[in-house]
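Chemist: Here you go, this is start_25.cif (mmCIF, C-alpha atoms).
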```cif
data_work
#
loop_
_atom_site.label_atom_id
_atom_site.label_comp_id
_atom_site.auth_asym_id
_atom_site.auth_seq_id
_atom_site.Cartn_x
_atom_site.Cartn_y
_atom_site.Cartn_z
CA MET R 26 -27.36 -15.49 21.12
CA SER R 27 -25.51 -17.40 23.83
CA ASP R 28 -23.93 -15.90 26.95
CA ARG R 29 -20.41 -16.41 25.61
CA SER R 30 -18.08 -13.44 25.63
CA PRO R 31 -17.75 -11.57 22.32
CA SER R 32 -14.97 -12.61 19.98
CA PHE R 33 -12.16 -10.26 19.01
CA TYR R 34 -14.03 -9.53 15.78
CA GLU R 35 -17.32 -8.72 17.51
CA ALA R 36 -15.53 -6.45 19.97
CA GLU R 37 -13.78 -4.64 17.12
CA LEU R 38 -17.06 -4.25 15.22
CA GLU R 39 -18.64 -2.70 18.26
CA ARG R 40 -15.73 -0.35 18.87
CA ILE R 41 -15.41 0.80 15.26
CA TYR R 42 -19.16 1.29 14.84
CA HIS R 43 -19.29 3.54 17.87
CA GLU R 44 -16.33 5.57 16.65
CA LEU R 45 -17.86 6.32 13.23
CA PRO R 46 -18.04 10.08 12.70
CA PHE R 47 -21.73 10.01 11.66
CA ARG R 48 -24.95 10.13 13.58
CA GLN R 49 -27.69 7.51 13.15
CA GLU R 50 -29.97 10.03 11.45
CA GLN R 51 -27.29 10.80 8.86
CA PHE R 52 -27.18 7.13 7.86
CA ALA R 53 -30.97 7.19 7.58
CA GLN R 54 -30.88 10.38 5.48
CA LEU R 55 -28.37 8.92 3.05
CA ARG R 56 -30.41 5.73 2.74
CA GLN R 57 -33.36 7.86 1.66
CA SER R 58 -31.35 9.16 -1.27
CA LYS R 59 -30.24 5.65 -2.21
CA VAL R 60 -33.80 4.36 -2.09
CA PHE R 61 -34.81 7.29 -4.30
CA MET R 62 -32.07 6.42 -6.82
CA GLU R 63 -33.07 2.74 -6.83
CA LYS R 64 -36.67 3.73 -7.50
CA HIS R 65 -36.05 6.45 -10.08
CA TYR R 66 -32.81 5.47 -11.82
CA GLY R 67 -34.75 5.38 -15.11
CA SER R 68 -35.53 9.08 -14.90
CA LYS R 69 -33.30 12.09 -15.21
CA LEU R 70 -31.83 12.63 -11.74
CA VAL R 71 -29.82 15.64 -10.72
CA ILE R 72 -27.66 15.96 -7.66
CA ASP R 73 -29.88 18.63 -6.10
CA ALA R 74 -32.87 16.27 -6.12
CA LEU R 75 -30.81 13.56 -4.46
CA ALA R 76 -29.52 15.99 -1.84
CA ASP R 77 -33.10 17.08 -1.16
CA ARG R 78 -34.03 13.47 -0.41
CA ALA R 79 -31.26 13.34 2.15
CA ALA R 80 -32.34 16.71 3.55
CA MET R 81 -28.82 18.06 3.02
CA SER R 82 -27.23 20.81 1.01
CA ARG R 83 -25.73 19.72 -2.30
CA PHE R 84 -22.10 19.93 -1.15
CA HIS R 85 -22.69 18.40 2.27
CA PHE R 86 -24.59 15.53 0.63
CA ILE R 87 -21.76 14.76 -1.82
CA ARG R 88 -19.17 14.89 0.94
CA VAL R 89 -21.10 12.70 3.38
CA PHE R 90 -22.15 10.18 0.69
CA LYS R 91 -18.56 9.75 -0.41
CA ALA R 92 -17.33 9.43 3.15
CA MET R 93 -19.93 6.76 3.95
CA TYR R 94 -19.99 4.71 0.76
CA GLY R 95 -16.56 5.40 -0.69
CA ILE R 96 -17.91 6.65 -4.03
CA SER R 97 -19.74 9.77 -5.12
CA PRO R 98 -23.54 9.66 -5.45
CA MET R 99 -23.32 10.09 -9.23
CA THR R 100 -20.88 7.18 -9.48
CA TYR R 101 -23.26 5.12 -7.36
CA LEU R 102 -26.12 6.06 -9.69
CA ARG R 103 -24.04 5.24 -12.77
CA ASP R 104 -23.12 1.81 -11.37
CA LEU R 105 -26.75 1.16 -10.49
CA ARG R 106 -27.86 2.05 -14.02
CA ILE R 107 -25.16 -0.08 -15.63
CA ALA R 108 -26.06 -3.07 -13.42
CA LYS R 109 -29.70 -2.73 -14.52
CA ALA R 110 -28.60 -2.34 -18.14
CA LYS R 111 -26.49 -5.52 -17.97
CA PHE R 112 -29.50 -7.43 -16.66
CA LEU R 113 -31.76 -6.14 -19.44
CA LEU R 114 -29.19 -6.78 -22.19
CA GLN R 115 -28.78 -10.36 -20.96
CA LYS R 116 -32.55 -10.72 -21.28
CA GLY R 117 -32.26 -9.68 -24.93
CA PHE R 118 -33.66 -6.15 -24.82
CA LEU R 119 -32.43 -3.84 -27.57
CA VAL R 120 -29.58 -1.47 -26.78
CA THR R 121 -31.59 1.67 -27.54
CA ASP R 122 -34.48 0.55 -25.35
CA VAL R 123 -32.11 -0.32 -22.51
CA CYS R 124 -30.39 3.05 -22.82
CA LEU R 125 -33.67 4.89 -22.26
CA GLU R 126 -34.93 2.42 -19.66
CA VAL R 127 -31.97 3.02 -17.35
CA GLY R 128 -32.12 6.79 -17.53
CA TYR R 129 -29.64 7.80 -20.24
CA GLU R 130 -30.83 10.41 -22.70
CA SER R 131 -28.30 9.65 -25.43
CA LEU R 132 -26.86 6.46 -26.82
CA PRO R 133 -23.26 7.76 -26.95
CA SER R 134 -23.23 8.70 -23.26
CA PHE R 135 -24.79 5.34 -22.35
CA SER R 136 -22.27 3.44 -24.49
CA THR R 137 -19.34 5.37 -23.05
CA ALA R 138 -20.44 4.74 -19.46
CA PHE R 139 -21.21 1.08 -20.21
CA LYS R 140 -17.83 0.45 -21.81
CA LYS R 141 -16.05 2.21 -18.96
CA CYS R 142 -17.77 -0.04 -16.41
CA THR R 143 -17.72 -3.38 -18.22
CA GLY R 144 -15.00 -3.19 -20.87
CA TYR R 145 -17.56 -3.88 -23.60
CA THR R 146 -19.94 -1.77 -25.65
CA PRO R 147 -23.60 -2.53 -24.88
CA ARG R 148 -23.90 -4.24 -28.28
CA GLU R 149 -20.86 -6.45 -27.63
CA TYR R 150 -22.06 -7.26 -24.12
CA ARG R 151 -25.52 -8.17 -25.43
CA SER R 152 -24.20 -10.51 -28.10
CA ILE R 153 -21.82 -12.26 -25.66
CA ASN R 154 -24.26 -12.64 -22.80
CA ILE R 155 -27.71 -12.88 -24.30
CA ALA R 156 -29.59 -15.87 -22.89
CA ILE R 157 -30.27 -18.39 -25.66
CA MET U 6 -7.66 -5.31 -19.75
CA ILE U 7 -6.93 -7.13 -16.49
CA LYS U 8 -9.78 -8.83 -14.63
CA ILE U 9 -10.39 -10.61 -11.35
CA TYR U 10 -11.59 -14.06 -12.41
CA VAL U 11 -11.15 -16.06 -9.22
CA THR U 12 -10.86 -15.61 -5.48
CA SER U 13 -10.37 -18.40 -3.00
CA ILE U 14 -11.42 -19.68 0.36
CA PRO U 15 -9.40 -22.40 2.09
CA VAL U 16 -11.44 -25.44 3.07
CA GLU U 17 -10.60 -28.49 5.17
CA ASP U 18 -12.55 -30.89 2.96
CA GLN U 19 -13.42 -30.00 -0.65
CA ASP U 20 -16.38 -32.39 -1.01
CA LYS U 21 -17.93 -31.21 2.23
CA ALA U 22 -17.31 -27.62 1.17
CA LEU U 23 -18.93 -28.17 -2.23
CA ASP U 24 -22.05 -29.47 -0.50
CA PHE U 25 -22.19 -26.52 1.91
CA TYR U 26 -21.46 -23.81 -0.65
CA THR U 27 -23.96 -25.19 -3.20
CA ARG U 28 -26.80 -26.92 -1.35
CA VAL U 29 -26.79 -24.63 1.69
CA LEU U 30 -25.45 -21.25 0.57
CA GLY U 31 -26.85 -21.50 -2.97
CA PHE U 32 -23.79 -21.17 -5.21
CA ILE U 33 -23.52 -23.20 -8.41
CA LYS U 34 -20.62 -25.54 -9.19
CA LYS U 35 -18.64 -24.20 -12.13
CA LYS U 36 -15.39 -26.20 -12.50
CA GLU U 37 -14.15 -29.46 -11.03
CA ILE U 38 -10.77 -30.46 -12.43
CA PRO U 39 -8.70 -33.21 -10.75
CA LEU U 40 -5.28 -31.92 -9.70
CA GLY U 41 -3.14 -34.46 -7.86
CA GLU U 42 -4.83 -35.50 -4.62
CA HIS U 43 -7.05 -32.43 -4.74
CA LYS U 44 -9.04 -30.61 -7.44
CA TRP U 45 -9.56 -27.17 -8.95
CA LEU U 46 -13.07 -26.69 -7.63
CA THR U 47 -14.94 -23.45 -8.19
CA VAL U 48 -18.46 -22.17 -7.59
CA VAL U 49 -20.24 -19.07 -8.88
CA SER U 50 -23.20 -16.97 -7.86
CA PRO U 51 -26.44 -17.88 -9.69
CA ALA U 52 -26.71 -14.18 -10.55
CA GLU U 53 -23.16 -13.94 -11.99
CA GLN U 54 -22.52 -17.30 -13.60
CA SER U 55 -19.90 -15.89 -15.94
CA GLY U 56 -18.49 -13.71 -13.18
CA VAL U 57 -15.80 -14.15 -10.54
CA GLU U 58 -15.38 -17.76 -9.42
CA LEU U 59 -14.88 -18.78 -5.81
CA LEU U 60 -12.17 -21.43 -5.53
CA LEU U 61 -12.75 -23.94 -2.74
CA GLU U 62 -9.07 -24.39 -2.12
CA PRO U 63 -7.74 -27.32 -0.10
CA MET U 64 -6.16 -26.19 3.16
CA ALA U 65 -3.06 -28.28 2.62
CA PHE U 66 -0.27 -25.87 3.55
CA GLU U 67 0.64 -26.17 7.24
CA PRO U 68 1.39 -22.46 7.88
CA ALA U 69 -1.95 -21.60 6.25
CA LYS U 70 -3.73 -23.91 8.67
CA VAL U 71 -2.20 -22.01 11.58
CA TYR U 72 -3.18 -18.65 10.09
CA TYR U 73 -6.78 -19.59 9.31
CA LYS U 74 -7.24 -21.24 12.70
CA ALA U 75 -6.06 -17.99 14.32
CA LEU U 76 -8.60 -16.04 12.25
CA LYS U 77 -11.39 -18.40 13.27
CA ASP U 78 -10.41 -18.36 16.93
CA ALA U 79 -10.68 -14.55 16.83
CA GLY U 80 -14.09 -14.76 15.12
CA ILE U 81 -12.74 -13.02 12.02
CA PRO U 82 -14.48 -13.95 8.76
CA CYS U 83 -12.10 -14.93 5.98
CA THR U 84 -14.38 -13.56 3.27
CA SER U 85 -17.67 -11.75 2.74
CA PHE U 86 -20.61 -12.34 0.39
CA GLU U 87 -23.35 -9.89 -0.53
CA VAL U 88 -27.03 -10.79 -0.18
CA ASP U 89 -30.18 -8.88 -1.15
CA ASP U 90 -32.03 -9.37 2.14
CA ILE U 91 -29.88 -10.47 5.05
CA ASP U 92 -32.75 -11.08 7.47
CA SER U 93 -34.53 -13.53 5.19
CA GLU U 94 -31.25 -15.19 4.25
CA TYR U 95 -30.41 -15.54 7.96
CA ARG U 96 -33.78 -17.21 8.64
CA ARG U 97 -33.38 -19.52 5.64
CA LEU U 98 -29.90 -20.61 6.71
CA VAL U 99 -30.83 -21.08 10.37
CA ASP U 100 -33.65 -23.36 9.21
CA LEU U 101 -31.02 -25.38 7.35
CA GLY U 102 -28.99 -25.75 10.53
CA VAL U 103 -26.31 -23.13 9.84
CA GLU U 104 -24.69 -21.65 12.93
CA PHE U 105 -24.07 -17.91 13.19
CA SER U 106 -21.45 -16.28 15.39
CA VAL U 107 -22.92 -12.84 14.65
CA THR U 108 -26.65 -12.50 14.04
CA PRO U 109 -27.81 -9.75 11.65
CA ARG U 110 -26.80 -6.33 12.94
CA GLU U 111 -26.42 -2.89 11.46
CA SER U 112 -22.95 -1.48 11.20
CA GLY U 113 -22.94 1.91 9.53
CA THR U 114 -23.89 1.60 5.88
CA VAL U 115 -24.24 -2.17 5.98
CA LYS U 116 -26.06 -4.91 7.82
CA ILE U 117 -23.91 -7.97 8.48
CA ALA U 118 -24.04 -11.46 9.91
CA VAL U 119 -21.30 -14.07 10.31
CA LEU U 120 -21.78 -17.80 9.78
CA ASP U 121 -19.67 -20.92 10.25
CA ASP U 122 -19.05 -22.64 6.90
CA THR U 123 -18.30 -25.97 8.67
CA CYS U 124 -15.06 -26.16 6.68
CA GLY U 125 -12.80 -24.17 9.00
CA ASN U 126 -13.97 -20.62 8.35
CA TYR U 127 -16.29 -17.89 9.36
CA VAL U 128 -17.96 -16.15 6.42
CA GLN U 129 -19.62 -12.76 6.57
CA LEU U 130 -22.89 -11.96 4.80
CA MET U 131 -23.47 -8.33 3.97
CA GLN U 132 -26.42 -6.26 2.79
CA GLU U 133 -25.64 -2.69 1.86
CA LEU U 134 -28.15 -0.32 3.39
#
```
What is this structure when it is put down as structure tokens?

Modeler:
Amino acid sequence: MSDRSPSFYEAELERIYHELPFRQEQFAQLRQSKVFMEKHYGSKLVIDALADRAAMSRFHFIRVFKAMYGISPMTYLRDLRIAKAKFLLQKGFLVTDVCLEVGYESLPSFSTAFKKCTGYTPREYRSINIAI
Amino acid sequence: MIKIYVTSIPVEDQDKALDFYTRVLGFIKKKEIPLGEHKWLTVVSPAEQSGVELLLEPMAFEPAKVYYKALKDAGIPCTSFEVDDIDSEYRRLVDLGVEFSVTPRESGTVKIAVLDDTCGNYVQLMQEL
């Protein structure tokens, strides 16, 4: 970087970052739980296991996650699963296979979550977006 | 059901912007429709080609020019794009001659960098951590 003085934006970034009400290790702890979700989204994940990864109690974990990322950990996990499902459906995988692959144990709960997030049922989404 | 289908970034020169946003940043041209002396020119992410379009909008309204110049003078990005790996994207873009006002740095739950789009704006890249 040059020796120029920081812009208004850089100065504001610096100020806001230092005023955040979290410690560095808390960011690192939460990232551990996100990495765990990204690695194991295809398995059954419960909130206690995610909180364990962040080395926090269940309620503290939910509160801190929401404060940092703006959504609850289970909403984050749902969005992650639906994003993976969209990718697989576009590739032409069958709805039932995708449902299991992304960690849902029943087709109705997968379809409900999918429709809530995308506006389409998995079957509709697949037929619209499948790569020819 | 209401949807966001387009968002825009004002650019000083649409042809120059199309080159930068496609060849350099990696977007794909989606629509190019002549409209008077300008055009309805949009690009999309390769990963979301049926998703939200980015309109490269001509900066032709005088008060807008004043506003966006003020943003740029303050170093404020006028929009933000997500990338998977900001460090590798930073290296790739620097190799292509892109200038950054903010090099990759952590800021809470994200890592960000800010580049000059050569069309009158700063643009922020963001990787969620």

Chemist: Can you work out which residues from chain R touch chain U at a cut-off of 9 Å (counting all atoms listed in the file) and hand them back as number ranges by chain?

Modeler: R: 26, 31-35, 38-39, 41-42, 45, 47, 49, 52, 56, 59, 93-94, 144, 154

Chemist: Could you take the residues named above and write them with C-alpha atoms, as a PDB file, keeping the file's coordinate frame?

Modeler:
```pdb
ATOM      1  CA  MET R  26     -27.360 -15.490  21.120  1.00  0.00           C
ATOM      2  CA  PRO R  31     -17.750 -11.570  22.320  1.00  0.00           C
ATOM      3  CA  SER R  32     -14.970 -12.610  19.980  1.00  0.00           C
ATOM      4  CA  PHE R  33     -12.160 -10.260  19.010  1.00  0.00           C
ATOM      5  CA  TYR R  34     -14.030  -9.530  15.780  1.00  0.00           C
ATOM      6  CA  GLU R  35     -17.320  -8.720  17.510  1.00  0.00           C
ATOM      7  CA  LEU R  38     -17.060  -4.250  15.220  1.00  0.00           C
ATOM      8  CA  GLU R  39     -18.640  -2.700  18.260  1.00  0.00           C
ATOM      9  CA  ILE R  41     -15.410   0.800  15.260  1.00  0.00           C
ATOM     10  CA  TYR R  42     -19.160   1.290  14.840  1.00  0.00           C
ATOM     11  CA  LEU R  45     -17.860   6.320  13.230  1.00  0.00           C
ATOM     12  CA  PHE R  47     -21.730  10.010  11.660  1.00  0.00           C
ATOM     13  CA  GLN R  49     -27.690   7.510  13.150  1.00  0.00           C
ATOM     14  CA  PHE R  52     -27.180   7.130   7.860  1.00  0.00           C
ATOM     15  CA  ARG R  56     -30.410   5.730   2.740  1.00  0.00           C
ATOM     16  CA  LYS R  59     -30.240   5.650  -2.210  1.00  0.00           C
ATOM     17  CA  MET R  93     -19.930   6.760   3.950  1.00  0.00           C
ATOM     18  CA  TYR R  94     -19.990   4.710   0.760  1.00  0.00           C
ATOM     19  CA  GLY R 144     -15.000  -3.190 -20.870  1.00  0.00           C
ATOM     20  CA  ASN R 154     -24.260 -12.640 -22.800  1.00  0.00           C
TER      21      ASN R 154
END
```

Chemist: So how many Å separate CA of Ala79 (chain R) and CA of Gln54 (chain R), to one decimal?

Modeler: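 Those two atoms sit 4.5 Å apart.
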
Chemist: Might you pull out every residue within 7 Å of Lys36 (chain U), with only C-alpha atoms counted and same-chain residues fewer than 6 positions away left off, and present them as a PyMOL selection string?

Modeler: chain U and resi 45-47

Chemist: Which polymer residues have any atom within 9 Å of an atom of Pro109 (chain U), counting all atoms listed in the file, with same-chain residues fewer than 2 positions away left out, as a short mmCIF file (atom, residue, chain, number, x, y, z; two decimals) with C-alpha atoms, in the coordinates of the input?

Modeler:
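Dumped to around_30.cif:
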```
data_model
loop_
_atom_site.label_atom_id
_atom_site.label_comp_id
_atom_site.auth_asym_id
_atom_site.auth_seq_id
_atom_site.Cartn_x
_atom_site.Cartn_y
_atom_site.Cartn_z
CA ILE U 91 -29.88 -10.47 5.05
CA ASP U 92 -32.75 -11.08 7.47
CA TYR U 95 -30.41 -15.54 7.96
CA VAL U 107 -22.92 -12.84 14.65
CA GLU U 111 -26.42 -2.89 11.46
CA LYS U 116 -26.06 -4.91 7.82
CA ILE U 117 -23.91 -7.97 8.48
CA ALA U 118 -24.04 -11.46 9.91
CA VAL U 119 -21.30 -14.07 10.31
CA LEU U 130 -22.89 -11.96 4.80
CA MET U 131 -23.47 -8.33 3.97
#
```

Chemist: Using the chain letters and numbers from this file, what does the PyMOL selection byres ((chain R and resi 132) around 12) select? Give the answer as a PyMOL selection string.

Modeler: chain R and resi 119-131+133-140+146-148

Chemist: Please determine an axis-aligned box that encloses all atoms of region 71-81 of chain U listed in the file, with 6 Å added on each side, and express its centre and edge lengths in Å to one decimal as JSON.

Modeler:
```
{"center_x": -8.1, "center_y": -17.5, "center_z": 13.1, "size_x": 23.9, "size_y": 21.0, "size_z": 19.6}
```

Chemist: Report as a PDB file with C-alpha atoms, in the frame of the given file the residues that result from applying the PyMOL selection byres ((chain U and resi 125) around 7) to the structure here.

Modeler:
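Dumped everything to part-v7.pdb:
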```
ATOM      1  CA  VAL U  16     -11.440 -25.440   3.070  1.00  0.00           C
ATOM      2  CA  GLU U  17     -10.600 -28.490   5.170  1.00  0.00           C
ATOM      3  CA  ASP U 122     -19.050 -22.640   6.900  1.00  0.00           C
ATOM      4  CA  THR U 123     -18.300 -25.970   8.670  1.00  0.00           C
ATOM      5  CA  CYS U 124     -15.060 -26.160   6.680  1.00  0.00           C
ATOM      6  CA  ASN U 126     -13.970 -20.620   8.350  1.00  0.00           C
TER       7      ASN U 126
END
```

Chemist: Measure the distance from CA of Pro51 (chain U) to CA of Arg103 (chain R) in Å and round it to one decimal.

Modeler: 23.4 Å

Chemist: Keeping C-alpha atoms (and nothing else), can you write region 69-136 of chain R of this structure as an mmCIF file, in the first residue's frame?

Modeler:
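What ended up in part-v1.cif:
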```
data_model
loop_
_atom_site.group_PDB
_atom_site.id
_atom_site.type_symbol
_atom_site.label_atom_id
_atom_site.label_comp_id
_atom_site.auth_asym_id
_atom_site.auth_seq_id
_atom_site.Cartn_x
_atom_site.Cartn_y
_atom_site.Cartn_z
ATOM 1 C CA LYS R 69 -28.241 -34.685 10.725
ATOM 2 C CA LEU R 70 -26.964 -31.677 12.665
ATOM 3 C CA VAL R 71 -28.380 -30.494 15.944
ATOM 4 C CA ILE R 72 -27.793 -27.144 17.559
ATOM 5 C CA ASP R 73 -25.894 -28.649 20.498
ATOM 6 C CA ALA R 74 -23.297 -30.157 18.157
ATOM 7 C CA LEU R 75 -22.834 -26.808 16.437
ATOM 8 C CA ALA R 76 -22.510 -25.012 19.764
ATOM 9 C CA ASP R 77 -19.909 -27.574 20.836
ATOM 10 C CA ARG R 78 -17.841 -26.712 17.765
ATOM 11 C CA ALA R 79 -17.896 -23.083 18.805
ATOM 12 C CA ALA R 80 -17.060 -24.050 22.389
ATOM 13 C CA MET R 81 -20.139 -22.187 23.618
ATOM 14 C CA SER R 82 -23.311 -23.062 25.439
ATOM 15 C CA ARG R 83 -26.333 -23.629 23.230
ATOM 16 C CA PHE R 84 -28.035 -20.319 24.071
ATOM 17 C CA HIS R 85 -24.878 -18.230 23.976
ATOM 18 C CA PHE R 86 -24.000 -19.746 20.590
ATOM 19 C CA ILE R 87 -27.409 -18.913 19.077
ATOM 20 C CA ARG R 88 -27.277 -15.370 20.426
ATOM 21 C CA VAL R 89 -23.721 -14.650 19.267
ATOM 22 C CA PHE R 90 -24.236 -16.285 15.846
ATOM 23 C CA LYS R 91 -27.310 -14.177 15.211
ATOM 24 C CA ALA R 92 -25.586 -11.027 16.387
ATOM 25 C CA MET R 93 -22.595 -11.644 14.105
ATOM 26 C CA TYR R 94 -24.248 -12.994 10.964
ATOM 27 C CA GLY R 95 -27.735 -11.550 11.226
ATOM 28 C CA ILE R 96 -29.463 -14.942 10.988
ATOM 29 C CA SER R 97 -29.787 -17.899 13.318
ATOM 30 C CA PRO R 98 -27.429 -20.862 12.881
ATOM 31 C CA MET R 99 -30.307 -23.111 11.801
ATOM 32 C CA THR R 100 -31.380 -20.585 9.166
ATOM 33 C CA TYR R 101 -27.774 -20.435 7.976
ATOM 34 C CA LEU R 102 -27.711 -24.233 7.763
ATOM 35 C CA ARG R 103 -31.038 -24.318 5.911
ATOM 36 C CA ASP R 104 -29.807 -21.748 3.372
ATOM 37 C CA LEU R 105 -26.588 -23.692 2.915
ATOM 38 C CA ARG R 106 -28.517 -26.918 2.279
ATOM 39 C CA ILE R 107 -30.908 -25.252 -0.157
ATOM 40 C CA ALA R 108 -28.002 -23.678 -2.081
ATOM 41 C CA LYS R 109 -26.399 -27.127 -2.404
ATOM 42 C CA ALA R 110 -29.755 -28.615 -3.408
ATOM 43 C CA LYS R 111 -30.241 -26.000 -6.136
ATOM 44 C CA PHE R 112 -26.825 -26.844 -7.546
ATOM 45 C CA LEU R 113 -27.559 -30.588 -7.579
ATOM 46 C CA LEU R 114 -31.030 -30.147 -9.107
ATOM 47 C CA GLN R 115 -29.540 -28.020 -11.881
ATOM 48 C CA LYS R 116 -27.136 -30.886 -12.554
ATOM 49 C CA GLY R 117 -30.125 -33.191 -13.015
ATOM 50 C CA PHE R 118 -30.004 -35.228 -9.809
ATOM 51 C CA LEU R 119 -33.336 -36.684 -8.702
ATOM 52 C CA VAL R 120 -35.309 -34.827 -6.049
ATOM 53 C CA THR R 121 -35.288 -37.716 -3.585
ATOM 54 C CA ASP R 122 -31.538 -38.184 -3.917
ATOM 55 C CA VAL R 123 -30.935 -34.462 -3.467
ATOM 56 C CA CYS R 124 -33.171 -34.398 -0.394
ATOM 57 C CA LEU R 125 -31.043 -37.036 1.334
ATOM 58 C CA GLU R 126 -27.761 -35.649 0.009
ATOM 59 C CA VAL R 127 -28.306 -32.254 1.634
ATOM 60 C CA GLY R 128 -29.295 -33.615 5.018
ATOM 61 C CA TYR R 129 -33.102 -33.728 5.016
ATOM 62 C CA GLU R 130 -34.674 -36.882 6.384
ATOM 63 C CA SER R 131 -38.073 -36.439 4.761
ATOM 64 C CA LEU R 132 -39.192 -35.245 1.365
ATOM 65 C CA PRO R 133 -42.042 -33.067 2.706
ATOM 66 C CA SER R 134 -39.745 -31.105 5.023
ATOM 67 C CA PHE R 135 -37.204 -30.688 2.205
ATOM 68 C CA SER R 136 -39.900 -29.540 -0.240
#
```
